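Below: the structure, in structure tokens.
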Amino acid sequence: MDWITQILAAGLSAGTPLLFATLGGILIERSGVIQLGAEGLMLMGAVTAALMYLWVPNLLLTVGAVLVVGMLLGLLHAFLTVTLRANQIVSGLAMTLFGTGLSATLGQPVAGAPLVGSAPLLNLNFLSSLPLAGPLLAHLDIFTWLSFILVIALTLLLKKTSFGLRLKAVGDSPGTADVMGIPVTLYRYGCVMAGSALMALGGADLLLVYSPTWIQGMTAGRGWIAVALIIFSQWNPLRALIGTYFFGILDTLGFRIQLAGSTIPPYFLKMIPYLVTILVLILVGWRTRHRPSSAPRALGLPYLREQRL
Amino acid sequence: MSLSRPSFRLVLDPSGKQAPWWATLVSIVLALAVSSVLILFSGADPLAVWAKMFQGAFGSGFGLTETLVKTIPLLLCGLGVSIAYKIAVWNIGAEGQLLVGAIAATGITIYFPQLPIEVALPLMFMAGLVAGGLWGLLTALPKVFFQVNELITSLMLNYVAFLGLQFLVFGPWRDPKGLNFPGSPIFPSAETIPSLWDHSRLHWGLILALLLVGVYAVAVNMTRWGYEIRLIGANPEAALHAGIRIRRHILGVLFLSGALAGLAGMMEVSGVTHRLMDSVSPGYGYTAIIVAWIARLNPLGLIISAFLFAGLIVGGFNVQTLGIPPSIASMIQGAILFFVIGGNLLGQISLRRTTPGAGA
Amino acid sequence: MERLPALQMRQIVKTFGVVTANDHVDFEALPGEIHALLGENGAGKSTLMCQLSGVYRPTSGEILLDGRPVRLNSPWEASQQGIGMVFQNFRLVPTLTALENILLGEKAPFWHGSAWKKSRRVEIEAFAQRLGLNVPLDTPVELLAVGEQQRVEIVKTLYRGARFIILDEPTSVLTPQEVEDLFHTLRRLKAEGKTILITTHKLKEVMALADRISVLRKGRLISTIAASQTNEKELAQMMVGEQLEPPRPRGNYAPGEVLLSVKDLEVHADHGGRSLSGFHLEVRAGEIVGVAGVSGNGQKELAEVLTGLRPWKKGHIVFQGQELRAATVRSLIEAGMAHVPENRMKSGLAGSLNVIDNLLFKSYRLPERSRWGFLRLKDNRSWSRDLVEEFSVRTPSLDTPVQHLSGGNQQKLLLAREIRNNPRLMIAVHPTQGLDVGATQAVHDLLEDLRNAGKSVLLISEDLDEVLELSDRILVLFNGKVAGEVSRAQADRHHIGMWMAGLDQESP
């Protein structure tokens with residue numbers, strides 16, 4: 001493999017966890033709810049995967065367990081923010097703190113235990129003849145393929161289906177959606193639960209594919225980067241794909257520079273993704289300064305039908 | 001089907017009534033109950049854990065002192081966070097601001113080790129304040145000029161600050177006599193905050209922190225500045241119509257917010273640990289968010305909740321002997337926050353009977 | 001011939017907290033009639049209609065369609081029963097096109113292929129044409145004019161098969177010509193057998209359009225009467241409940257020196273686009289200048305420029321003989337500019353703060369209100385108490401958050417604050433929006449008092465009646481320019497309507 005393929009491969013494997021989490025976040029925010037708990041959800045996803053896989057080394061069961069945990073935590077967030085109309089930001093922060101603490105507590109027994117052979121690769125040799133990315137695509141793990149499928153599915157879902165149209169109404173103008181007979185609460189619950197499950201799946205992917213040993217706090221801010229990527233992608237799954245691989249490459253860049261014999265202390269190299277996140281958001285803010293935001297119009301606002309204004 | 005049958009339904013009355021204070025208490029109790037179940041899951045006896053925690057935090061003179069020691073950074077960070085929340089700016093970067101405050105204060109001891117106490121302490125004090133404040137400004141500037149979400153910026157900066165800290169304590173500032181321990185040399189005694197009484201880890205910072213809470217209460221409720229802050233927090237657009245310069249206030253408030261956290265960092269190294277270590281903060285900056293929120297930004301509430309959460313942290317360390325990681329404390333914190341925000345709103349829900357003909 | 005009522009509401013009670021919005025209302029509508037619900041703002045007519053359309057659920061009482069009791073728990077259930085409502089604030093998703101908005105409520109297949117979309121487009125276009133309603137289908141509705149948006153709403157409602165069409169204050173935002181068109185459409189729908197319910201507080205419209213009229217007052221239904229058996233005067237009395245007080249005599253119109261002069265102003269809207277260009281305006285001391293026009297023609301930007309909230313690109317603004325260059329909100333407040341903003345709770349008041357804090361908005365920097373950076377808490381309290389008394393603001397206490405006050409009291413509080421700041425020029429945008437008749441009168445009196453005291457008022461309002469009633473001079477804003485100007489004496493509805501619609505650029 002030449003170096004471009006290597007960098008792409010590294011970006012792909014480091015970016016896929018972010019991609020799952022970002023896609024989940026896009027789905028949630030499109031319904032008008034903010035979910036800042038990505039960090040906590042990713043950690044819970046990772047620890048669930050570690051516990052489940054070490055208990056029963058079955059990938060399907062593991063992924064199932066991760067999705068269930070993500071959905072349950074999503075249900076909690078939805079109940080607090082949609083039904084009780086609690087502050088979405090605070091609920092998300094609570095989710096992160098809770099997930100960080102609970103994952104560390106639950107993961108104590110398996111901390112440091114390596115998982116073996118957890119994510120099978122799909123060998124699709126017929127793809128290897130494709131230029132540039134061919135050799136890469138020929139040997140990807142199933143999670144990466146799943147993430148590709150999700151990007152396409154989510155794009156089509158949002159753009160080409162009655163669900164997508166109604167979701168846009170729910171996220172932009174829930175009052176209208178309600179009058180039109182769209183069950184706003186149900187849509188929001190559904191999106192928050194499904195999206196949170198995807199965030200947990202991102203954590204599971206991180207553990208099962210990228211770094212197959214549970215370490216307390218192993219996401220190291222990736223959940224927050226995913227939150228930033230939602231904004232960077234302007235709530236568009238295809239742009240999320242680009243953004244997450246860009247960050248995936250950045251993530252491994254430090255390591256690579258170090259391997260190349262650089263004398264820059266590794267601590268500074270590790271700062272790169274965090275600093276670039278801020279820079280990217282500044283860039284997005286600057287580029288969209290004269291445009292109306294493409295964020296869902298009702299993002300962060302709880303909806304109550306019998307509200308007297 | 002008609003409405004002639006009496007029926008009950010849940011009514012959410014959003015008229016803005018605050019939940020009574022005991023709703024917070026009930027929520028905390030419920031959170032502890034749920035945490036018990038989770039502790040059970042992780043294979044320990046919840047009752048033993050609670051007993052151990054309580055014993056560790058409040059059960060002895062030493063524990064109580066430790067709890068008070070940890071109240072200081074929580075109170076200062078909670079205060080900083082509260083001021084930011086007053087103008088609806090979500091500063092979750094207190095952790096990073098605390099760390100750079102600690103780094104800056106340590107810098108003074110490293111580069112000026114011979115200063116007399118009356119010069120050294122004010123200098124370190126200023127260094128912590130300014131460093132934390134500037135770190136806070138790093139969050140405010142992108143927000144004010146590029147509409148960058150402050151949550152993300154401040155959180156990213158936490159990681160940057162922590163990596164910077166690691167670089168220093170593993171690198172240039174490592175104590176040459178420290179046997180590879182990741183920490184700076186011990187501060188000279190002229191550069192440490194005096195204890196409240198002999199041989200105690202509790203230092204004068206506690207008094208200062210309490211004073212600052214009083215200043216906060218006065219500033220917010222009685223000054224022109226506080227009025228402008230309250231107005232921005234209540235309705236930024238109306239504040240604009242009143243001729244208040246919101247951007248300037250955001251910059252100022254985030255400087256202040258960061259400065260208070262930076263001060264907490266300075267006090268941690270100068271008052272408690274007497275050296276800079278990579279474990280200087282067990283997440284004070286994050287816990288402070290909960291402290292502020294549960295106190296509903298109320299000064300007296302801040303003191304109470306900072307003390308309680310300090311106890312939770314101290315107790316969390318104490319349960320390590322039961323084979324449970326101290327991170328259990330942050331799980332409980334998260335659970336408490338969930339229940340408190342839920343509980344505050346549950347207070348607005350009531351069961352009402354709807355009967356035909358009844359006017360009310 | 002006695003027709004059976006198509007729709008009955010029996011003993012409807014609706015309460016919001018302690019407020020009773022509907023008090024044992026009995027209401028009936030016949031098939032194929034245009035039935036107007038007449039009442040002041042706050043009389044409970046919109047609340048009543050919202051229960052019919054499933055937005056609110058009655059606290060008690062029952063609703064019958066064709067004699068059968070029905071339960072309307074949501075707008076969706078109401079639409080299943082053939083009830084459709086055109087809201088005052090249109091229920092359209094602003095980011096979707098008209099076509100998408102109409103399809104939104106449809107039972108649609110999951111997959112929205114392009115063939116399916118095309119067939120639907122053809123169908124809806126034909127449907128709209130048959131009704132004589134012309135709507136652009138492929139533009140996001142937020143870019144459409146208000147009248148067009150309303151037509152989209154009507155098409156949408158009808159396309160969903162409504163036989164009862166409720167229109168909530170449909171004419172308040174339209175030009176007189178658009179009102180004519182709307183009435184034409186409604187008569188046509190009536191001829192097709194639809195039952196049309198329309199809420200309004202405008203007597204003229206009721207008499208011109210309705211077959212029968214129900215008058216609501218303070219949540220109670222006062223009377224239902226055929227339009228042919230009543231007159232405006234009788235309706236007005238029923239609506240207000242007592243003999244109408246004769247209007248106060250108006251002070252003499254004696255304009256003084258020029259206070260504000262705006263020349264060749266060009267202002268940009270939020271996202272690019274010019275919203276005012278080549279705009280001229282002059283306001284003299286002691287006059288009320290009304291700015292009429294359909295919203296979105298630059299009113300918002302005009303008010304913002306004059307209060308320092310928005311920069312302008314080009315042109316000269318001279319206030320009290322001084323040319324403004326980079327005016328800030330603060331410098332203009334100090335120079336005597338007062339502002340009653342369009343939406344009081346959005347930008348005029350801080351709902352969660354108390355009465356005192358809200359009164360201090362513009363004056364807290366004065367030495368009488370604060371000293372050395374500290375507020376004079378005691379002085380401010382007694383000052384606030386005086387103000388609340390003088391302007392008869394009803395509030396439980398000075399420490400009550402203003403969101404708990406009624407709309408009228410909120411507005412009085414706001415005006416008390418602005419007037420007490422001793423302004424030279426008051427810019428009032430929709431100052432009586434959503435107020436009941438008493439509060440409206442109080443606000444109008446306050447504005448006239450200002451004028452009679454030699455101050456000036458720039459009244460910006462969509463409500464043409466209000467502009468005509470209060471102004472000494474009237475300008476009509478269309479597309480960022482003054483389309484026409486007329487004095488009070490020569491004001492003529494028809495002509496103003498033409499200007500509002502941009503049909504006539506000439507002055508009379």
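Ordering of the structure tokens sets the chain letters (A, B, ...), residue numbers begin anew at 1 in every chain, and ligands are numbered from 1 in the order given.
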Listing only residues of chain A within 10 Å of chain C, what is the closest atom pair and its distance in Å (to one decimal) for each, using only C-alpha atoms, sorted by chain and residue number ascending, as JSON lines?
{"residue": "A:Leu156", "atom": "CA", "partner": "C:Trp111", "partner_atom": "CA", "distance": 9.3}
{"residue": "A:Leu157", "atom": "CA", "partner": "C:Trp111", "partner_atom": "CA", "distance": 8.7}
{"residue": "A:Lys159", "atom": "CA", "partner": "C:His112", "partner_atom": "CA", "distance": 8.5}
{"residue": "A:Lys160", "atom": "CA", "partner": "C:His112", "partner_atom": "CA", "distance": 5.1}
{"residue": "A:Thr161", "atom": "CA", "partner": "C:Trp111", "partner_atom": "CA", "distance": 4.6}
{"residue": "A:Ser162", "atom": "CA", "partner": "C:Phe110", "partner_atom": "CA", "distance": 5.1}
{"residue": "A:Phe163", "atom": "CA", "partner": "C:Phe110", "partner_atom": "CA", "distance": 6.8}
{"residue": "A:Gly164", "atom": "CA", "partner": "C:Phe110", "partner_atom": "CA", "distance": 9.3}
{"residue": "A:Leu165", "atom": "CA", "partner": "C:Leu104", "partner_atom": "CA", "distance": 7.0}
{"residue": "A:Arg166", "atom": "CA", "partner": "C:Leu104", "partner_atom": "CA", "distance": 6.4}
{"residue": "A:Lys168", "atom": "CA", "partner": "C:Leu96", "partner_atom": "CA", "distance": 8.3}
{"residue": "A:Ala169", "atom": "CA", "partner": "C:Val93", "partner_atom": "CA", "distance": 5.9}
{"residue": "A:Val170", "atom": "CA", "partner": "C:Val93", "partner_atom": "CA", "distance": 8.9}
{"residue": "A:Gly171", "atom": "CA", "partner": "C:Val93", "partner_atom": "CA", "distance": 9.6}
{"residue": "A:Asp172", "atom": "CA", "partner": "C:Val93", "partner_atom": "CA", "distance": 6.7}
{"residue": "A:Ser173", "atom": "CA", "partner": "C:Val93", "partner_atom": "CA", "distance": 5.6}
{"residue": "A:Pro174", "atom": "CA", "partner": "C:Val93", "partner_atom": "CA", "distance": 8.5}
{"residue": "A:Gly175", "atom": "CA", "partner": "C:Arg91", "partner_atom": "CA", "distance": 7.2}
{"residue": "A:Thr176", "atom": "CA", "partner": "C:Arg91", "partner_atom": "CA", "distance": 4.7}
{"residue": "A:Ala177", "atom": "CA", "partner": "C:Val93", "partner_atom": "CA", "distance": 7.8}
{"residue": "A:Asp178", "atom": "CA", "partner": "C:Pro75", "partner_atom": "CA", "distance": 7.1}
{"residue": "A:Val179", "atom": "CA", "partner": "C:Pro75", "partner_atom": "CA", "distance": 4.9}
{"residue": "A:Met180", "atom": "CA", "partner": "C:Gly105", "partner_atom": "CA", "distance": 5.0}
{"residue": "A:Gly181", "atom": "CA", "partner": "C:Trp76", "partner_atom": "CA", "distance": 4.2}
{"residue": "A:Ile182", "atom": "CA", "partner": "C:Gly105", "partner_atom": "CA", "distance": 7.6}
{"residue": "A:Pro183", "atom": "CA", "partner": "C:Trp76", "partner_atom": "CA", "distance": 9.3}
{"residue": "A:Arg289", "atom": "CA", "partner": "C:His271", "partner_atom": "CA", "distance": 8.8}
{"residue": "A:His290", "atom": "CA", "partner": "C:His271", "partner_atom": "CA", "distance": 5.4}
{"residue": "A:Arg291", "atom": "CA", "partner": "C:His271", "partner_atom": "CA", "distance": 5.7}
{"residue": "A:Pro292", "atom": "CA", "partner": "C:His271", "partner_atom": "CA", "distance": 6.8}
{"residue": "A:Ser294", "atom": "CA", "partner": "C:Thr95", "partner_atom": "CA", "distance": 9.9}
{"residue": "A:Pro296", "atom": "CA", "partner": "C:Thr95", "partner_atom": "CA", "distance": 9.6}
{"residue": "A:Arg297", "atom": "CA", "partner": "C:Thr95", "partner_atom": "CA", "distance": 8.9}
{"residue": "A:Arg305", "atom": "CA", "partner": "C:Val55", "partner_atom": "CA", "distance": 7.0}
{"residue": "A:Glu306", "atom": "CA", "partner": "C:Tyr56", "partner_atom": "CA", "distance": 6.1}
{"residue": "A:Gln307", "atom": "CA", "partner": "C:Tyr56", "partner_atom": "CA", "distance": 9.3}
{"residue": "A:Arg308", "atom": "CA", "partner": "C:Phe16", "partner_atom": "CA", "distance": 8.2}
{"residue": "A:Leu309", "atom": "CA", "partner": "C:Met345", "partner_atom": "CA", "distance": 9.4}
Within 9 Å of Leu43 (chain A) using only C-alpha atoms, minus same-chain residues under 5 positions, as a list in words |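 Non-adjacent residues within range: Ala38, Thr48, Thr96, Gly99, Thr100, Leu102, Ser103, Ala104, Ala200, Gly203, Ala204, Gln216, Gly217, Met218, Thr219 and Gly223 of chain A.
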Chain A near chain B within 8 Å: what's each residue's closest atom pair and its distance in Å to one decimal, counting only C-alpha atoms, ordered by chain then ascending residue number, as a Markdown table?
| residue | atom | partner | partner_atom | distance |
| --- | --- | --- | --- | --- |
| A:Leu80 | CA | B:Gly342 | CA | 5.9 |
| A:Leu84 | CA | B:Leu345 | CA | 6.0 |
| A:Arg85 | CA | B:Leu345 | CA | 7.5 |
| A:Ala86 | CA | B:Ile341 | CA | 6.3 |
| A:Asn87 | CA | B:Ile341 | CA | 7.7 |
| A:Val90 | CA | B:Ile341 | CA | 7.9 |
| A:Ser91 | CA | B:Phe338 | CA | 6.4 |
| A:Ala94 | CA | B:Gly334 | CA | 4.8 |
| A:Met95 | CA | B:Gly334 | CA | 6.6 |
| A:Thr96 | CA | B:Gly334 | CA | 7.6 |
| A:Leu97 | CA | B:Gly334 | CA | 4.9 |
| A:Phe98 | CA | B:Gly334 | CA | 4.0 |
| A:Gly99 | CA | B:Met331 | CA | 6.8 |
| A:Thr100 | CA | B:Met331 | CA | 6.8 |
| A:Gly101 | CA | B:Met331 | CA | 3.8 |
| A:Leu102 | CA | B:Met331 | CA | 4.9 |
| A:Ala104 | CA | B:Ser327 | CA | 6.2 |
| A:Thr105 | CA | B:Ile328 | CA | 5.7 |
| A:Leu106 | CA | B:Ser42 | CA | 5.5 |
| A:Gln108 | CA | B:Pro325 | CA | 7.0 |
| A:Gly221 | CA | B:Met156 | CA | 7.5 |
| A:Trp224 | CA | B:Ile152 | CA | 6.5 |
| A:Ile225 | CA | B:Ile152 | CA | 7.7 |
| A:Val227 | CA | B:Ile152 | CA | 7.6 |
| A:Ala228 | CA | B:Ile152 | CA | 6.5 |
| A:Pro265 | CA | B:Phe167 | CA | 7.5 |
| A:Tyr267 | CA | B:Leu163 | CA | 5.4 |
| A:Phe268 | CA | B:Leu163 | CA | 7.2 |
| A:Lys270 | CA | B:Leu163 | CA | 7.5 |
| A:Met271 | CA | B:Val160 | CA | 5.6 |
| A:Tyr274 | CA | B:Met156 | CA | 5.2 |
| A:Leu275 | CA | B:Met156 | CA | 7.1 |
| A:Thr277 | CA | B:Met156 | CA | 7.7 |
| A:Ile278 | CA | B:Thr153 | CA | 5.8 |
| A:Leu281 | CA | B:Val148 | CA | 6.0 |
| A:Ile282 | CA | B:Phe146 | CA | 5.7 |
| A:Leu283 | CA | B:Phe146 | CA | 8.0 |
| A:Gly285 | CA | B:Phe146 | CA | 4.8 |
| A:Trp286 | CA | B:Phe146 | CA | 5.6 |
| A:Arg289 | CA | B:Phe146 | CA | 7.4 |
Please produce an output containing N, CA and C atoms for each residue in the selection, written as a tab-separated table (two decimals), in the first residue's frame.
chain	number	residue	atom	x	y	z
A	80	LEU	N	-36.60	13.41	29.54
A	80	LEU	CA	-36.30	14.66	30.24
A	80	LEU	C	-36.54	15.87	29.36
A	84	LEU	N	-40.56	16.21	29.79
A	84	LEU	CA	-40.47	17.17	30.89
A	84	LEU	C	-39.95	18.53	30.43
A	85	ARG	N	-39.53	18.62	29.23
A	85	ARG	CA	-39.05	19.88	28.65
A	85	ARG	C	-37.91	20.49	29.46
A	86	ALA	N	-37.04	19.61	29.95
A	86	ALA	CA	-35.88	20.09	30.69
A	86	ALA	C	-34.89	20.72	29.71
A	87	ASN	N	-33.99	21.49	30.27
A	87	ASN	CA	-32.96	22.11	29.46
A	87	ASN	C	-32.12	21.03	28.76
A	90	VAL	N	-28.31	20.90	29.65
A	90	VAL	CA	-27.97	20.33	30.95
A	90	VAL	C	-28.19	18.82	30.95
A	91	SER	N	-29.26	18.39	30.32
A	91	SER	CA	-29.50	16.95	30.26
A	91	SER	C	-28.36	16.26	29.51
A	94	ALA	N	-25.38	16.10	31.76
A	94	ALA	CA	-25.59	15.05	32.76
A	94	ALA	C	-25.31	13.70	32.14
A	95	MET	N	-25.74	13.53	30.90
A	95	MET	CA	-25.52	12.27	30.19
A	95	MET	C	-24.02	11.99	30.06
A	96	THR	N	-23.26	13.02	29.76
A	96	THR	CA	-21.81	12.83	29.62
A	96	THR	C	-21.17	12.48	30.96
A	97	LEU	N	-21.54	13.22	32.01
A	97	LEU	CA	-20.95	12.94	33.32
A	97	LEU	C	-21.35	11.54	33.80
A	98	PHE	N	-22.63	11.24	33.63
A	98	PHE	CA	-23.15	9.95	34.07
A	98	PHE	C	-22.48	8.81	33.30
A	99	GLY	N	-22.42	8.97	31.99
A	99	GLY	CA	-21.83	7.93	31.16
A	99	GLY	C	-20.35	7.74	31.48
A	100	THR	N	-19.64	8.85	31.70
A	100	THR	CA	-18.22	8.74	32.02
A	100	THR	C	-18.03	7.97	33.32
A	101	GLY	N	-18.81	8.35	34.32
A	101	GLY	CA	-18.67	7.71	35.62
A	101	GLY	C	-19.13	6.27	35.60
A	102	LEU	N	-20.29	6.03	35.01
A	102	LEU	CA	-20.83	4.67	35.02
A	102	LEU	C	-19.95	3.73	34.21
A	104	ALA	N	-16.79	3.94	33.71
A	104	ALA	CA	-15.56	3.65	34.46
A	104	ALA	C	-15.84	2.63	35.56
A	105	THR	N	-16.99	2.80	36.21
A	105	THR	CA	-17.34	1.89	37.30
A	105	THR	C	-17.59	0.48	36.78
A	106	LEU	N	-18.41	0.40	35.72
A	106	LEU	CA	-18.76	-0.92	35.19
A	106	LEU	C	-17.56	-1.58	34.52
A	108	GLN	N	-14.44	-1.41	35.28
A	108	GLN	CA	-13.32	-1.72	36.17
A	108	GLN	C	-12.80	-3.15	36.01
A	221	GLY	N	-12.66	12.72	24.39
A	221	GLY	CA	-13.22	13.91	23.76
A	221	GLY	C	-13.80	13.68	22.38
A	224	TRP	N	-17.29	14.88	21.90
A	224	TRP	CA	-17.45	16.33	21.70
A	224	TRP	C	-17.04	16.74	20.31
A	225	ILE	N	-16.02	16.06	19.78
A	225	ILE	CA	-15.63	16.36	18.40
A	225	ILE	C	-16.79	16.00	17.47
A	227	VAL	N	-19.89	16.19	18.22
A	227	VAL	CA	-20.86	17.28	18.34
A	227	VAL	C	-20.45	18.45	17.45
A	228	ALA	N	-19.15	18.74	17.44
A	228	ALA	CA	-18.66	19.81	16.57
A	228	ALA	C	-18.87	19.45	15.11
A	265	PRO	N	7.25	17.37	21.16
A	265	PRO	CA	6.70	16.53	22.22
A	265	PRO	C	5.33	16.00	21.84
A	267	TYR	N	2.73	15.52	23.42
A	267	TYR	CA	1.58	16.21	24.00
A	267	TYR	C	1.03	17.27	23.05
A	268	PHE	N	1.97	17.93	22.38
A	268	PHE	CA	1.53	18.99	21.46
A	268	PHE	C	0.86	18.37	20.23
A	270	LYS	N	-0.80	15.70	20.21
A	270	LYS	CA	-2.14	15.23	20.59
A	270	LYS	C	-3.15	16.37	20.67
A	271	MET	N	-2.64	17.59	20.78
A	271	MET	CA	-3.57	18.73	20.86
A	271	MET	C	-4.23	19.02	19.51
A	274	TYR	N	-8.06	18.73	18.79
A	274	TYR	CA	-8.88	19.65	19.59
A	274	TYR	C	-8.77	21.08	19.04
A	275	LEU	N	-7.54	21.48	18.74
A	275	LEU	CA	-7.36	22.84	18.23
A	275	LEU	C	-7.99	22.98	16.85
A	277	THR	N	-10.50	21.39	15.75
A	277	THR	CA	-11.96	21.46	15.92
A	277	THR	C	-12.39	22.92	16.09
A	278	ILE	N	-11.68	23.62	16.97
A	278	ILE	CA	-12.04	25.03	17.20
A	278	ILE	C	-11.85	25.83	15.92
A	281	LEU	N	-14.57	25.25	13.41
A	281	LEU	CA	-15.82	25.91	13.77
A	281	LEU	C	-15.73	27.41	13.52
A	282	ILE	N	-14.56	27.97	13.75
A	282	ILE	CA	-14.38	29.40	13.45
A	282	ILE	C	-14.58	29.63	11.96
A	283	LEU	N	-13.98	28.72	11.18
A	283	LEU	CA	-14.10	28.82	9.72
A	283	LEU	C	-15.56	28.72	9.28
A	285	GLY	N	-18.16	29.36	11.07
A	285	GLY	CA	-18.85	30.57	11.53
A	285	GLY	C	-18.57	31.75	10.61
A	286	TRP	N	-17.34	31.84	10.15
A	286	TRP	CA	-16.97	32.95	9.31
A	286	TRP	C	-17.61	32.83	7.93
A	289	ARG	N	-21.41	33.63	7.96
A	289	ARG	CA	-21.80	34.80	8.74
A	289	ARG	C	-22.93	35.60	8.09
Checklist line | Contact residues around Leu99 (chain C) with only C-alpha atoms at 10 Å, ignoring same-chain residues under 6 positions, as a PyMOL selection string | finding: chain C and resi 117+120-121+124-125+135-141+152+156
(request) Identify, with DSSP run on backbone atoms, the residues in region 87-245 of chain A assigned to strand (DSSP E), and express the list as a list in words. (result) Leu121, Leu122, Asn123, His139, Leu140 and Asp141 of chain A
* Rounded to one decimal place, report the CA of Asp436 (chain C)-CA of Val86 (chain C) distance in Å. =>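 CA of Val86 (chain C) lies 22.1 Å from CA of Asp436 (chain C).
The two atoms in question, CA of Asn421 (chain C) and CA of Arg385 (chain C), are spaced 15.6 Å apart.
Near region 172-188 of chain B, within a cut-off of 6 Å and counting only C-alpha atoms, sit the residues Leu168, His274, Arg275, Leu276 and Met277 of chain B, with same-chain residues fewer than 4 positions away left out.
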Just the selected residues (N, CA and C atoms), exported as a PDB file, in the first residue's frame, please.
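Written file, again-v1.pdb:
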ATOM      1  N   LEU B 168       4.257  19.651  30.791  1.00  0.00           N
ATOM      2  CA  LEU B 168       5.113  20.314  31.766  1.00  0.00           C
ATOM      3  C   LEU B 168       5.561  19.371  32.869  1.00  0.00           C
ATOM      4  N   HIS B 274       0.900  21.840  46.998  1.00  0.00           N
ATOM      5  CA  HIS B 274       2.228  22.473  47.069  1.00  0.00           C
ATOM      6  C   HIS B 274       3.155  22.030  45.949  1.00  0.00           C
ATOM      7  N   ARG B 275       2.575  21.491  44.925  1.00  0.00           N
ATOM      8  CA  ARG B 275       3.343  21.171  43.719  1.00  0.00           C
ATOM      9  C   ARG B 275       2.329  20.972  42.587  1.00  0.00           C
ATOM     10  N   LEU B 276       2.829  21.040  41.368  1.00  0.00           N
ATOM     11  CA  LEU B 276       1.938  20.796  40.236  1.00  0.00           C
ATOM     12  C   LEU B 276       2.047  19.323  39.843  1.00  0.00           C
ATOM     13  N   MET B 277       0.906  18.644  39.767  1.00  0.00           N
ATOM     14  CA  MET B 277       0.922  17.237  39.363  1.00  0.00           C
ATOM     15  C   MET B 277      -0.103  17.049  38.250  1.00  0.00           C
TER      16      MET B 277
END
Polymer residues at most 9 Å from Phe391 (chain C), only C-alpha atoms, same-chain spacing of 6 or more positions, as an mmCIF file with C-alpha atoms, in the first residue's frame:
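Generated output (part-v6.cif):
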data_model
loop_
_atom_site.group_PDB
_atom_site.id
_atom_site.type_symbol
_atom_site.label_atom_id
_atom_site.label_comp_id
_atom_site.auth_asym_id
_atom_site.auth_seq_id
_atom_site.Cartn_x
_atom_site.Cartn_y
_atom_site.Cartn_z
ATOM 1 C CA LYS C 412 -48.630 49.868 29.870
ATOM 2 C CA LEU C 413 -45.524 49.106 31.861
ATOM 3 C CA LEU C 415 -45.008 52.684 27.781
ATOM 4 C CA ALA C 416 -44.635 54.004 31.315
#
inquiry  = Here is a test: counting only C-alpha atoms, which residue of C:Gln88, C:Ser228, C:Gln8, C:Asn22 is nearest to Leu167 (chain C)?
reply    =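 Closest to Leu167 (chain C), using only C-alpha atoms: C:Gln88.
Across the structure, CA of Ala292 (chain C) and CA of Leu38 (chain C) are spaced 24.3 Å apart.
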- [ ] Write out as a ChimeraX atom specification which residues come within 7 Å of Gly25 (chain A) when counting only C-alpha atoms, dropping same-chain ones fewer than 6 positions away.
- [x] /A:35,195,227,230
Looking only at helix (DSSP H, G or I) from DSSP on the backbone, list the matching residues of region 101-276 of chain C as a PyMOL selection string. chain C and resi 101-104+114-130+141-143+146-159+176-191+203-209+227-229+232-240
Please provide the set of residues having any atom within 12 Å of region 237-240 of chain A, restricted to only C-alpha atoms, with same-chain residues fewer than 6 positions apart removed, written as a ChimeraX atom specification.
-> /A:15-27,30,147-159,225-231,246-248
Problem - Option closest in space to Ala326 (chain C), from C:Trp312, C:Val155, C:Phe183, C:Pro249 [counting only C-alpha atoms] - result: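 Answer, going by the shortest atom-to-atom distance: C:Trp312.
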